[in-house]
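**Q** Here you go, this is my_file.cif (mmCIF, C-alpha atoms).
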```cif
data_work
#
loop_
_atom_site.group_PDB
_atom_site.id
_atom_site.type_symbol
_atom_site.label_atom_id
_atom_site.label_comp_id
_atom_site.auth_asym_id
_atom_site.auth_seq_id
_atom_site.Cartn_x
_atom_site.Cartn_y
_atom_site.Cartn_z
ATOM 1 C CA MET A 1 -1.074 35.776 45.184
ATOM 2 C CA ILE A 2 -0.773 39.395 46.280
ATOM 3 C CA VAL A 3 -2.962 40.134 49.278
ATOM 4 C CA GLU A 4 -4.490 43.590 49.124
ATOM 5 C CA GLU A 5 -6.164 45.055 52.213
ATOM 6 C CA SER A 6 -7.100 48.558 53.176
ATOM 7 C CA HIS A 7 -5.217 49.730 56.216
ATOM 8 C CA LYS A 8 -4.983 52.800 58.376
ATOM 9 C CA LYS A 9 -3.183 53.958 61.481
ATOM 10 C CA LYS A 10 -4.600 56.288 64.082
ATOM 11 C CA GLN A 11 -2.503 57.624 66.924
ATOM 12 C CA THR A 12 -5.005 57.709 69.771
ATOM 13 C CA SER A 13 -2.519 58.934 72.382
ATOM 14 C CA ASP A 14 1.164 58.851 73.211
ATOM 15 C CA GLU A 15 0.520 55.533 74.931
ATOM 16 C CA THR A 16 -1.467 53.655 72.254
ATOM 17 C CA LEU A 17 -1.334 53.144 68.498
ATOM 18 C CA SER A 18 -4.333 51.709 66.672
ATOM 19 C CA PHE A 19 -4.142 49.904 63.320
ATOM 20 C CA THR A 20 -6.797 48.484 61.018
ATOM 21 C CA VAL A 21 -6.223 45.829 58.356
ATOM 22 C CA GLY A 22 -9.335 45.110 56.352
ATOM 23 C CA ASN A 23 -12.074 45.431 58.961
ATOM 24 C CA VAL A 24 -9.926 44.176 61.839
ATOM 25 C CA SER A 25 -8.435 46.629 64.316
ATOM 26 C CA PHE A 26 -5.692 46.027 66.845
ATOM 27 C CA LYS A 27 -3.830 48.190 69.347
ATOM 28 C CA MET A 28 -0.214 48.544 70.393
ATOM 29 C CA ILE A 29 0.766 49.828 73.848
ATOM 30 C CA ARG A 30 3.888 51.954 74.338
ATOM 31 C CA ILE A 31 6.405 50.424 76.748
ATOM 32 C CA GLU A 32 8.744 52.999 78.269
ATOM 33 C CA HIS A 33 12.407 52.046 78.377
ATOM 34 C CA GLY A 34 13.921 51.101 81.703
ATOM 35 C CA THR A 35 15.989 48.674 83.752
ATOM 36 C CA PHE A 36 14.756 45.555 85.540
ATOM 37 C CA MET A 37 15.950 42.358 87.159
ATOM 38 C CA MET A 38 15.429 39.490 84.726
ATOM 39 C CA GLY A 39 15.088 35.867 85.797
ATOM 40 C CA ALA A 40 14.163 34.015 88.964
ATOM 41 C CA THR A 41 13.574 36.974 91.283
ATOM 42 C CA PRO A 42 12.250 36.000 94.752
ATOM 43 C CA GLU A 43 8.556 36.367 93.907
ATOM 44 C CA MET A 44 8.952 33.819 91.098
ATOM 45 C CA ASP A 45 9.787 31.029 93.574
ATOM 46 C CA CYS A 46 11.914 29.202 91.036
ATOM 47 C CA PRO A 47 14.771 26.712 91.534
ATOM 48 C CA ASN A 48 15.339 26.186 87.804
ATOM 49 C CA ASP A 49 18.811 27.005 86.506
ATOM 50 C CA GLU A 50 17.346 28.158 83.181
ATOM 51 C CA GLU A 51 16.000 31.263 84.934
ATOM 52 C CA LYS A 52 19.308 32.015 86.658
ATOM 53 C CA PRO A 53 21.324 33.981 87.402
ATOM 54 C CA VAL A 54 19.062 36.907 88.102
ATOM 55 C CA HIS A 55 20.674 39.764 86.212
ATOM 56 C CA GLU A 56 20.078 43.429 85.524
ATOM 57 C CA VAL A 57 18.857 44.231 82.016
ATOM 58 C CA THR A 58 18.316 47.633 80.462
ATOM 59 C CA ILE A 59 15.861 48.161 77.639
ATOM 60 C CA SER A 60 17.335 51.301 76.141
ATOM 61 C CA LYS A 61 14.482 52.514 73.913
ATOM 62 C CA ASP A 62 10.724 52.754 74.106
ATOM 63 C CA TYR A 63 8.849 50.188 72.024
ATOM 64 C CA TYR A 64 5.287 48.992 71.466
ATOM 65 C CA MET A 65 3.697 45.661 72.350
ATOM 66 C CA GLY A 66 0.388 44.263 71.158
ATOM 67 C CA LYS A 67 -2.364 44.938 73.669
ATOM 68 C CA THR A 68 -3.486 41.373 73.018
ATOM 69 C CA GLN A 69 -2.166 38.251 71.388
ATOM 70 C CA VAL A 70 -2.689 38.144 67.613
ATOM 71 C CA THR A 71 -6.254 36.960 67.088
ATOM 72 C CA GLN A 72 -7.639 34.511 64.583
ATOM 73 C CA GLU A 73 -9.526 37.318 62.819
ATOM 74 C CA LEU A 74 -6.359 39.388 62.381
ATOM 75 C CA TRP A 75 -4.471 36.360 61.091
ATOM 76 C CA GLN A 76 -7.261 35.705 58.586
ATOM 77 C CA ALA A 77 -7.277 39.351 57.451
ATOM 78 C CA VAL A 78 -3.585 39.111 56.598
ATOM 79 C CA MET A 79 -3.085 35.470 55.601
ATOM 80 C CA ARG A 80 -6.529 34.488 54.262
ATOM 81 C CA ASP A 81 -6.574 31.265 56.264
ATOM 82 C CA ASN A 82 -6.860 30.073 59.847
ATOM 83 C CA PRO A 83 -4.513 27.302 61.023
ATOM 84 C CA SER A 84 -5.895 27.279 64.571
ATOM 85 C CA HIS A 85 -6.854 24.106 66.412
ATOM 86 C CA PHE A 86 -9.107 25.932 68.871
ATOM 87 C CA LYS A 87 -11.847 27.328 66.653
ATOM 88 C CA ASP A 88 -15.174 28.530 68.011
ATOM 89 C CA GLU A 89 -18.095 29.212 65.660
ATOM 90 C CA ILE A 90 -19.368 32.133 67.749
ATOM 91 C CA MET A 91 -16.351 33.675 69.466
ATOM 92 C CA GLY A 92 -13.506 32.067 67.527
ATOM 93 C CA LYS A 93 -12.455 35.187 65.681
ATOM 94 C CA LYS A 94 -11.503 36.790 69.009
ATOM 95 C CA HIS A 95 -9.500 33.779 70.178
ATOM 96 C CA PRO A 96 -5.726 33.994 69.800
ATOM 97 C CA VAL A 97 -4.422 32.317 66.690
ATOM 98 C CA ASP A 98 -2.743 29.029 67.601
ATOM 99 C CA SER A 99 -0.849 26.196 65.913
ATOM 100 C CA VAL A 100 1.576 28.640 64.282
ATOM 101 C CA SER A 101 5.320 28.079 64.069
ATOM 102 C CA TRP A 102 8.002 30.742 64.485
ATOM 103 C CA TYR A 103 8.425 30.705 60.708
ATOM 104 C CA ASP A 104 4.660 31.137 60.249
ATOM 105 C CA CYS A 105 4.855 34.229 62.455
ATOM 106 C CA GLN A 106 7.649 35.644 60.310
ATOM 107 C CA GLU A 107 5.576 35.178 57.160
ATOM 108 C CA PHE A 108 2.586 36.884 58.807
ATOM 109 C CA ILE A 109 4.752 39.808 59.914
ATOM 110 C CA LYS A 110 6.260 40.166 56.433
ATOM 111 C CA LYS A 111 2.797 40.443 54.894
ATOM 112 C CA LEU A 112 1.495 42.727 57.648
ATOM 113 C CA ASN A 113 4.437 45.075 57.145
ATOM 114 C CA ALA A 114 3.764 45.185 53.412
ATOM 115 C CA LEU A 115 0.141 46.103 54.096
ATOM 116 C CA THR A 116 0.836 48.761 56.710
ATOM 117 C CA GLY A 117 4.245 50.130 55.756
ATOM 118 C CA LYS A 118 5.400 49.564 59.350
ATOM 119 C CA GLN A 119 8.103 47.352 60.860
ATOM 120 C CA PHE A 120 6.238 44.960 63.139
ATOM 121 C CA ARG A 121 8.311 42.133 64.610
ATOM 122 C CA LEU A 122 8.415 39.605 67.404
ATOM 123 C CA PRO A 123 9.642 40.957 70.755
ATOM 124 C CA THR A 124 12.991 39.939 72.136
ATOM 125 C CA GLU A 125 12.878 37.681 75.179
ATOM 126 C CA ALA A 126 14.023 40.587 77.380
ATOM 127 C CA GLU A 127 11.393 42.937 75.946
ATOM 128 C CA TRP A 128 8.746 40.283 76.520
ATOM 129 C CA GLU A 129 9.671 39.707 80.174
ATOM 130 C CA TYR A 130 10.037 43.421 80.889
ATOM 131 C CA ALA A 131 6.540 44.044 79.513
ATOM 132 C CA ALA A 132 5.056 41.015 81.278
ATOM 133 C CA ARG A 133 6.450 42.252 84.599
ATOM 134 C CA GLY A 134 4.811 45.634 84.075
ATOM 135 C CA GLY A 135 7.833 47.599 82.858
ATOM 136 C CA ASN A 136 8.677 50.577 85.032
ATOM 137 C CA LYS A 137 5.225 50.310 86.641
ATOM 138 C CA SER A 138 5.881 46.790 87.912
ATOM 139 C CA LEU A 139 4.139 45.578 91.059
ATOM 140 C CA HIS A 140 6.549 42.600 91.177
ATOM 141 C CA THR A 141 3.915 39.888 90.965
ATOM 142 C CA GLN A 142 4.463 36.260 90.048
ATOM 143 C CA TYR A 143 2.130 36.305 87.039
ATOM 144 C CA SER A 144 1.651 39.164 84.620
ATOM 145 C CA GLY A 145 -0.443 41.642 86.585
ATOM 146 C CA SER A 146 -1.249 39.673 89.732
ATOM 147 C CA ASP A 147 -0.266 36.968 92.194
ATOM 148 C CA ASP A 148 -3.773 35.551 91.671
ATOM 149 C CA ILE A 149 -3.462 33.566 88.469
ATOM 150 C CA ASP A 150 -7.218 33.181 87.998
ATOM 151 C CA SER A 151 -7.608 36.940 87.641
ATOM 152 C CA VAL A 152 -5.137 37.304 84.764
ATOM 153 C CA ALA A 153 -4.710 33.975 82.962
ATOM 154 C CA TRP A 154 -6.446 31.121 81.186
ATOM 155 C CA TYR A 155 -4.598 27.989 82.365
ATOM 156 C CA TYR A 156 -5.481 24.358 83.034
ATOM 157 C CA GLY A 157 -7.328 25.244 86.259
ATOM 158 C CA ASN A 158 -9.971 27.422 84.586
ATOM 159 C CA SER A 159 -9.741 27.105 80.795
ATOM 160 C CA GLY A 160 -11.198 23.673 80.094
ATOM 161 C CA SER A 161 -7.891 23.116 78.244
ATOM 162 C CA GLN A 162 -8.894 25.373 75.386
ATOM 163 C CA THR A 163 -8.185 28.969 74.430
ATOM 164 C CA HIS A 164 -10.582 31.814 75.187
ATOM 165 C CA PRO A 165 -11.240 35.208 73.582
ATOM 166 C CA VAL A 166 -8.470 37.688 74.296
ATOM 167 C CA ALA A 167 -8.813 40.459 76.895
ATOM 168 C CA LYS A 168 -11.376 38.659 79.065
ATOM 169 C CA LYS A 169 -9.070 38.535 82.089
ATOM 170 C CA SER A 170 -7.562 41.547 83.862
ATOM 171 C CA PRO A 171 -4.628 43.340 82.172
ATOM 172 C CA ASN A 172 -1.255 43.908 83.764
ATOM 173 C CA GLU A 173 0.113 47.257 84.926
ATOM 174 C CA LEU A 174 0.743 48.386 81.344
ATOM 175 C CA GLY A 175 -2.668 47.429 79.975
ATOM 176 C CA LEU A 176 -1.447 44.231 78.293
ATOM 177 C CA TYR A 177 -3.794 41.230 78.332
ATOM 178 C CA ASP A 178 -3.036 37.499 78.525
ATOM 179 C CA MET A 179 0.720 37.814 78.988
ATOM 180 C CA SER A 180 0.194 34.816 81.274
ATOM 181 C CA GLY A 181 -1.722 31.880 79.797
ATOM 182 C CA ASN A 182 -4.083 31.357 76.832
ATOM 183 C CA VAL A 183 -1.313 30.594 74.279
ATOM 184 C CA TRP A 184 2.453 30.490 74.475
ATOM 185 C CA GLU A 185 4.033 33.473 72.717
ATOM 186 C CA TRP A 186 6.957 33.204 70.337
ATOM 187 C CA CYS A 187 9.878 35.589 70.885
ATOM 188 C CA ASN A 188 12.465 36.488 68.296
ATOM 189 C CA ASP A 189 15.439 35.103 70.247
ATOM 190 C CA CYS A 190 17.157 31.793 69.953
ATOM 191 C CA TYR A 191 17.214 29.910 73.249
ATOM 192 C CA GLY A 192 20.250 29.178 75.399
ATOM 193 C CA ASP A 193 19.888 27.622 78.847
ATOM 194 C CA ASP A 194 23.137 29.295 79.965
ATOM 195 C CA TYR A 195 22.529 32.583 78.148
ATOM 196 C CA TYR A 196 21.668 34.551 81.296
ATOM 197 C CA ALA A 197 25.192 34.052 82.628
ATOM 198 C CA LYS A 198 26.736 35.832 79.649
ATOM 199 C CA SER A 199 24.055 37.977 78.040
ATOM 200 C CA PRO A 200 24.657 41.700 77.424
ATOM 201 C CA ALA A 201 23.326 44.052 80.080
ATOM 202 C CA VAL A 202 21.730 46.315 77.459
ATOM 203 C CA ASP A 203 19.156 45.129 74.894
ATOM 204 C CA PRO A 204 20.099 41.419 74.816
ATOM 205 C CA GLN A 205 19.132 39.690 71.555
ATOM 206 C CA GLY A 206 19.683 36.037 72.486
ATOM 207 C CA PRO A 207 22.230 33.485 71.210
ATOM 208 C CA LEU A 208 23.131 33.352 67.527
ATOM 209 C CA ALA A 209 21.706 29.862 66.986
ATOM 210 C CA GLY A 210 19.387 27.328 68.586
ATOM 211 C CA PHE A 211 15.718 26.682 69.155
ATOM 212 C CA ARG A 212 13.383 29.681 69.521
ATOM 213 C CA VAL A 213 12.045 31.078 72.779
ATOM 214 C CA LEU A 214 8.423 30.771 73.901
ATOM 215 C CA ARG A 215 6.989 32.655 76.870
ATOM 216 C CA GLY A 216 3.873 33.002 78.996
ATOM 217 C CA GLY A 217 2.367 29.536 79.302
ATOM 218 C CA GLY A 218 -0.797 28.221 77.679
ATOM 219 C CA CYS A 219 -4.360 27.209 78.391
ATOM 220 C CA GLY A 220 -3.380 23.628 79.212
ATOM 221 C CA ASP A 221 -0.488 24.433 81.541
ATOM 222 C CA ASP A 222 -0.202 24.599 85.306
ATOM 223 C CA PRO A 223 0.594 27.913 87.043
ATOM 224 C CA TRP A 224 4.338 27.209 87.111
ATOM 225 C CA PHE A 225 4.599 27.725 83.345
ATOM 226 C CA CYS A 226 2.591 30.966 83.428
ATOM 227 C CA ARG A 227 5.041 32.870 85.640
ATOM 228 C CA SER A 228 6.536 35.962 84.019
ATOM 229 C CA SER A 229 10.085 34.623 84.316
ATOM 230 C CA HIS A 230 9.475 31.124 82.956
ATOM 231 C CA ARG A 231 11.414 30.202 79.816
ATOM 232 C CA TYR A 232 10.549 27.578 77.235
ATOM 233 C CA TRP A 233 11.655 26.727 73.702
ATOM 234 C CA ASN A 234 10.583 24.851 70.606
ATOM 235 C CA CYS A 235 11.769 24.112 67.090
ATOM 236 C CA PRO A 236 11.025 27.160 64.931
ATOM 237 C CA ASP A 237 9.141 25.045 62.389
ATOM 238 C CA ASP A 238 6.883 23.428 65.013
ATOM 239 C CA GLY A 239 3.452 25.006 65.485
ATOM 240 C CA ASP A 240 1.896 23.181 68.432
ATOM 241 C CA HIS A 241 -1.763 23.695 69.368
ATOM 242 C CA ASP A 242 -0.750 26.081 72.156
ATOM 243 C CA CYS A 243 1.722 28.249 70.173
ATOM 244 C CA GLY A 244 0.709 31.818 69.282
ATOM 245 C CA PHE A 245 2.347 35.227 69.393
ATOM 246 C CA ARG A 246 2.140 38.943 70.126
ATOM 247 C CA LEU A 247 3.454 41.747 67.964
ATOM 248 C CA ALA A 248 6.129 44.257 68.848
ATOM 249 C CA LEU A 249 6.958 47.498 67.060
#
```
For the structure just supplied, provide its representation as structure tokens.

**A**
Amino acid sequence: MIVEESHKKKQTSDETLSFTVGNVSFKMIRIEHGTFMMGATPEMDCPNDEEKPVHEVTISKDYYMGKTQVTQELWQAVMRDNPSHFKDEIMGKKHPVDSVSWYDCQEFIKKLNALTGKQFRLPTEAEWEYAARGGNKSLHTQYSGSDDIDSVAWYYGNSGSQTHPVAKKSPNELGLYDMSGNVWEWCNDCYGDDYYAKSPAVDPQGPLAGFRVLRGGGCGDDPWFCRSSHRYWNCPDDGDHDCGFRLAL
């Protein structure tokens, strides 16, 4: 069945793009290109080899990231269903969509692009971490936007082990919400536990094959998993209750 939705784009400033699909609006924040240290930098307090070696990465072009995780209402506007485990009768439409696989995300993006005429995508792992760390405005905090996890993230210590409406915690330096906690976010890359030792210094895209990367931690996780450098992976056809995503453009 062909899904037909009205859509519009409004450029509100050089920093933000606003889109509407059906009656659901969402915003994208411009991330200026730059260079950062990716991996287990000192503030991350991490002994895990998967986050090492710390290495310099350059993101060569500006790009946009979703101000929030994709919500259940946006998913419904595009896909006409809601696969989420964490539904709320009152506030559910503002919760992040969950229980979606990497392949589900690709199908959503394909339909969204057809509706809008744009080229939305999942972020690369490097783009995700650069944005989570605050880009070239980074304050070098352990979590995205703060060293105080309760101020920026829904995690097991404050969430009741369920998702919450997006943008209820403080944003990071770039104005991005929930980069730590709430739901794990799929990235486009395949995962390689030794990839950091051999990845390109400019715009790394990940290994050619393997499981797919997840970032950010979820509502049921301890603070360790919500650090901006933490890496995780899953089968691309597996949509666990805590798996969601954020758009890039």

**Q** Could you name the residues that touch Gln162 of chain A at 8 Å or less, counting all atoms listed in the file, but leaving out those on the same chain fewer than 5 positions away, as a list in words?

**A**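 Residues meeting the cut-off are Phe86, Asn182, Cys219 and Gly220 of chain A.
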
**Q** Box for segment 166-176 of chain A: with edges along x, y and z, all listed atoms inside and 6 Å added on each side, what are the centre and edge lengths in Å to one decimal, as JSON?

**A**
```
{"center_x": -5.3, "center_y": 43.0, "center_z": 79.6, "size_x": 24.1, "size_y": 22.7, "size_z": 22.6}
```

**Q** Which residue, A:Phe36, A:Phe245, A:Trp233, A:Tyr155, has the smallest gap to Gly217 of chain A when you use all atoms listed in the file?

**A**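 Using all atoms listed in the file, Gly217 of chain A sits closest to A:Tyr155.
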
**Q** What is the atom CA of His95 of chain A-atom CA of Met65 of chain A distance in Å, reported with one decimal?

**A** 17.9 Å

**Q** Could you jot down the atom CA of Lys61 of chain A to atom CA of His33 of chain A separation for me, Å, one decimal place?

**A**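 Atom CA of His33 of chain A lies 4.9 Å from atom CA of Lys61 of chain A.
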
**Q** Extract, using all atoms listed in the file, all DNA, RNA and protein residues at most 12 Å from Asp221 of chain A, discarding same-chain residues fewer than 5 positions from it, and format them as number ranges by chain.

**A** A: 149, 153-163, 180-184, 216, 226-227, 242

**Q** Which residues fall under the PyMOL selection byres ((chain A and resi 79) around 9) in this file, as a list in words?

**A**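 When the PyMOL selection byres ((chain A and resi 79) around 9) is applied, the selected residues are Val3, Leu74, Trp75, Gln76, Ala77, Val78, Arg80, Asp81, Asn82, Glu107, Phe108, Lys111 and Leu112 of chain A.
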
**Q** Could you tell me which of A:His55, A:His85, A:Lys169, A:Lys198 comes closest to Ser99 of chain A if we count all atoms listed in the file?

**A**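 Nearest to Ser99 of chain A: A:His85.
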
**Q** Mind telling me what the PyMOL selection byres ((chain A and resi 125-142) around 8) catches here, as a PyMOL selection string?

**A** chain A and resi 31-36+38+43-44+57+59+65+123-124+143-147+172-174+176+179-180+187-189+203-206+213+215+227-229

**Q** So, with all atoms listed in the file as the atoms that count, which of A:Lys118, A:Lys67, A:Lys94, A:Lys52 lies closest to Ile29 of chain A?

**A**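 Counting all atoms listed in the file, the residue closest to Ile29 of chain A is A:Lys67.
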
**Q** Applying 9 Å and all atoms listed in the file, which residues near Cys105 of chain A remain after dropping the ones on its own chain fewer than 2 positions away? List them as a PyMOL selection string.

**A** chain A and resi 100-103+107-110+121-122+186+244-245

**Q** Could you write out the selected residues, including C-alpha atoms, as an mmCIF file, in the frame of the given file?

**A**
```cif
data_model
loop_
_atom_site.group_PDB
_atom_site.id
_atom_site.type_symbol
_atom_site.label_atom_id
_atom_site.label_comp_id
_atom_site.auth_asym_id
_atom_site.auth_seq_id
_atom_site.Cartn_x
_atom_site.Cartn_y
_atom_site.Cartn_z
ATOM 1 C CA VAL A 100 1.576 28.640 64.282
ATOM 2 C CA SER A 101 5.320 28.079 64.069
ATOM 3 C CA TRP A 102 8.002 30.742 64.485
ATOM 4 C CA TYR A 103 8.425 30.705 60.708
ATOM 5 C CA GLU A 107 5.576 35.178 57.160
ATOM 6 C CA PHE A 108 2.586 36.884 58.807
ATOM 7 C CA ILE A 109 4.752 39.808 59.914
ATOM 8 C CA LYS A 110 6.260 40.166 56.433
ATOM 9 C CA ARG A 121 8.311 42.133 64.610
ATOM 10 C CA LEU A 122 8.415 39.605 67.404
ATOM 11 C CA TRP A 186 6.957 33.204 70.337
ATOM 12 C CA GLY A 244 0.709 31.818 69.282
ATOM 13 C CA PHE A 245 2.347 35.227 69.393
#
```

**Q** Please work out which residues fall within 8 Å of (-6.7, 49.0, 71.9), coordinates as given in the file, with all atoms listed in the file counting, and return them as a list in words.

**A**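 Using all atoms listed in the file, the matching residues come out as Thr16, Leu17, Ser18, Phe26, Lys27, Met28, Ile29 and Lys67 of chain A.
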
**Q** With C-alpha atoms retained, export the selected residues as a short mmCIF file (atom, residue, chain, number, x, y, z; two decimals), in the coordinates of the input.

**A**
```
data_model
loop_
_atom_site.label_atom_id
_atom_site.label_comp_id
_atom_site.auth_asym_id
_atom_site.auth_seq_id
_atom_site.Cartn_x
_atom_site.Cartn_y
_atom_site.Cartn_z
CA THR A 16 -1.47 53.66 72.25
CA LEU A 17 -1.33 53.14 68.50
CA SER A 18 -4.33 51.71 66.67
CA PHE A 26 -5.69 46.03 66.84
CA LYS A 27 -3.83 48.19 69.35
CA MET A 28 -0.21 48.54 70.39
CA ILE A 29 0.77 49.83 73.85
CA LYS A 67 -2.36 44.94 73.67
#
```

**Q** Please write as a ChimeraX atom specification the full residue list that the PyMOL selection byres ((chain A and resi 51) around 10) yields on this file.

**A** /A:38-41,44,46-50,52-55,193-197,229-231

**Q** How many Å separate atom CA of Phe211 of chain A from atom CA of Asp240 of chain A?

**A**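 Calculated distance between atom CA of Phe211 of chain A and atom CA of Asp240 of chain A is 14.3 Å.
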
**Q** With all atoms listed in the file as the atoms that count, which of A:Gly210, A:Pro83, A:Gly175, A:Pro165 lies nearest to Glu15 of chain A?

**A**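 The answer is A:Gly175, which sits nearest to Glu15 of chain A.
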
**Q** Measuring between all atoms listed in the file, which one of A:Glu56, A:Lys168, A:Ala248, A:Asp62 shows the shortest distance to Met37 of chain A?

**A** A:Glu56

**Q** Choose the residue, out of A:Val202, A:Cys243, A:Tyr177, A:Tyr232, that has the smallest atom-to-atom separation from Cys190 of chain A; count all atoms listed in the file.

**A**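 Using all atoms listed in the file, the shortest distance to Cys190 of chain A belongs to A:Tyr232.
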